[in-house]
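Shown next, in C-alpha cells, is the structure this report addresses.
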Amino acid sequence: MGSYTKSEEFLQECETYIELTEPMASDRAKIAFVLTYLKGPVPSAWKRQYIISTYNRTDAFNEFKACFNAAYGDPNKKSNTLTKLEHLFQGRYPFEQYLADFLILKAETGLKEESYLILRLVSGLNE
C-alpha cells in the first residue's frame, strides 16, 4: 500500500465495487473480497496475520475496517487534514477544482464552524 491516502482509496474502491456489484453481500464476503486484493509484502503479511489471528479477527465488516485503518490509516488524519485545509490555495487551478478540494478537506476534518470555513474558502481564492 505505500501511503495513508492509498490505503484509504483502496478501501473506498473495494467498498464501492462491492456496493455496486453485490449490495447484499455479507460482511464475511466483503472481508474476503478486501483480503483477496491486498497485495505486496507488507499487506500480505498483515493479511496472513489477520487470517490466523483469533485476537483481532472479526466477522463484522466495520470492525474489520477499523483493524485495517489501525494498520494502514493516518493516525493523525484530522490534524493533517486541517493543516492541508489551512494551506489550500486556488493557485493555477480552476475555481471548480479548488472548491472540490476544499469540500473534501472540510468533510474529512468534520469542521462545522461556518464563519471559519467561509474565511478559509475566501482567503484561498485568487484575487
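Going by the C-alpha cells order, chains are called A, B, ..., each with residues numbered from 1, while ligands are numbered from 1 in the order shown.
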Quiz item: Can you tell me, as a PyMOL selection string, what residues are no more than 12 Å from A:Asp101 when counting only C-alpha atoms, ignoring any on the same chain fewer than 4 positions away?
Solution: chain A and resi 81+84-90+93-97+105-108+121+124
Quiz item: Within 7 Å of stretch 60-73 of chain A, counting only C-alpha atoms, which residues qualify if same-chain residues fewer than 3 places away don't, as a ChimeraX atom specification?
Solution: /A:4,7-8,27,30-31
Quiz prompt | Those in chain A with helix (DSSP H, G or I) from DSSP, as a VMD selection string | solution = chain A and resid 4 to 21 27 to 37 41 to 52 61 to 72 77 to 86 95 to 109 114 to 123
Quiz item: Hey, can you check how far atom CA of A:Leu125 sits from atom CA of A:Tyr98?
Solution: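 Going from atom CA of A:Leu125 over to atom CA of A:Tyr98 covers 8.2 Å.
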Self-check item: Nearest-residue call for A:Lys77, choices A:Ile104, A:Val34, A:Ser26, A:Thr109, using only C-alpha atoms
Solution: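 Nearest candidate to A:Lys77 out of A:Ile104, A:Val34, A:Ser26, A:Thr109: A:Thr109.
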Long-range neighbours of A:Ser44 as an mmCIF file with N, CA and C atoms, in the first residue's frame, 12 Å cut-off, only C-alpha atoms, 6 positions minimum in chain:
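And here's part_15.cif as it stands now:
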```
data_model
loop_
_atom_site.group_PDB
_atom_site.id
_atom_site.type_symbol
_atom_site.label_atom_id
_atom_site.label_comp_id
_atom_site.auth_asym_id
_atom_site.auth_seq_id
_atom_site.Cartn_x
_atom_site.Cartn_y
_atom_site.Cartn_z
ATOM 1 N N MET A 1 0.835 -1.163 0.000
ATOM 2 C CA MET A 1 0.000 0.000 0.000
ATOM 3 C C MET A 1 0.881 1.228 0.000
ATOM 4 N N VAL A 34 -11.857 -7.836 0.220
ATOM 5 C CA VAL A 34 -10.749 -6.922 0.521
ATOM 6 C C VAL A 34 -9.463 -7.706 0.719
ATOM 7 N N LEU A 35 -9.510 -8.781 1.491
ATOM 8 C CA LEU A 35 -8.305 -9.576 1.741
ATOM 9 C C LEU A 35 -7.741 -10.158 0.451
ATOM 10 N N THR A 36 -8.609 -10.529 -0.466
ATOM 11 C CA THR A 36 -8.161 -11.102 -1.737
ATOM 12 C C THR A 36 -7.298 -10.126 -2.521
ATOM 13 N N TYR A 37 -7.610 -8.845 -2.438
ATOM 14 C CA TYR A 37 -6.905 -7.857 -3.243
ATOM 15 C C TYR A 37 -5.784 -7.128 -2.509
ATOM 16 N N LEU A 38 -5.504 -7.512 -1.272
ATOM 17 C CA LEU A 38 -4.337 -6.944 -0.577
ATOM 18 C C LEU A 38 -3.089 -7.573 -1.179
ATOM 19 N N TYR A 50 -3.809 -11.482 10.030
ATOM 20 C CA TYR A 50 -5.245 -11.298 10.302
ATOM 21 C C TYR A 50 -5.986 -12.633 10.206
ATOM 22 N N ILE A 51 -5.665 -13.398 9.192
ATOM 23 C CA ILE A 51 -6.365 -14.661 8.962
ATOM 24 C C ILE A 51 -6.086 -15.672 10.079
#
```
What's the 12 Å shell around A:Tyr17, counting only C-alpha atoms, without same-chain residues fewer than 5 positions away, as a compact mmCIF listing (two decimals) with N, CA and C atoms, in the first residue's frame?
```
# COMPACT_ATOMS: atom_id res chain seq x y z
N PHE A 10 -7.87 2.54 -1.54
CA PHE A 10 -8.05 1.11 -1.77
C PHE A 10 -9.32 0.62 -1.11
N LEU A 11 -9.49 0.96 0.15
CA LEU A 11 -10.67 0.51 0.88
C LEU A 11 -11.95 1.12 0.30
N GLN A 12 -11.90 2.40 -0.08
CA GLN A 12 -13.07 3.04 -0.69
C GLN A 12 -13.42 2.38 -2.02
N GLU A 22 -22.54 -6.23 -5.53
CA GLU A 22 -23.18 -7.15 -4.59
C GLU A 22 -23.68 -6.38 -3.37
N PRO A 23 -24.68 -5.54 -3.53
CA PRO A 23 -25.13 -4.70 -2.41
C PRO A 23 -25.61 -5.49 -1.19
N ALA A 25 -24.15 -8.29 -0.11
CA ALA A 25 -23.07 -9.18 0.31
C ALA A 25 -22.96 -9.20 1.83
N LYS A 30 -17.53 -9.42 2.17
CA LYS A 30 -16.83 -8.14 1.99
C LYS A 30 -15.39 -8.24 2.49
N PHE A 33 -13.35 -10.27 0.10
CA PHE A 33 -13.03 -9.51 -1.11
C PHE A 33 -11.83 -8.60 -0.86
N VAL A 34 -11.86 -7.84 0.22
CA VAL A 34 -10.75 -6.92 0.52
C VAL A 34 -9.46 -7.71 0.72
```
Quiz item: Distance atom CA of A:Leu117-atom CA of A:Ala100, one decimal place?
Solution: 13.8 Å
Exercise. Name the closest residue to A:Leu111 among the candidates A:Thr21, A:Ser79, A:Thr16, A:Ser53; distances are taken between atoms, counting only C-alpha atoms.
Key: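 Closest to A:Leu111, using only C-alpha atoms: A:Ser79.
Between atom CA of A:Lys6 and atom CA of A:Asp59 the interatomic distance comes to 24.1 Å.
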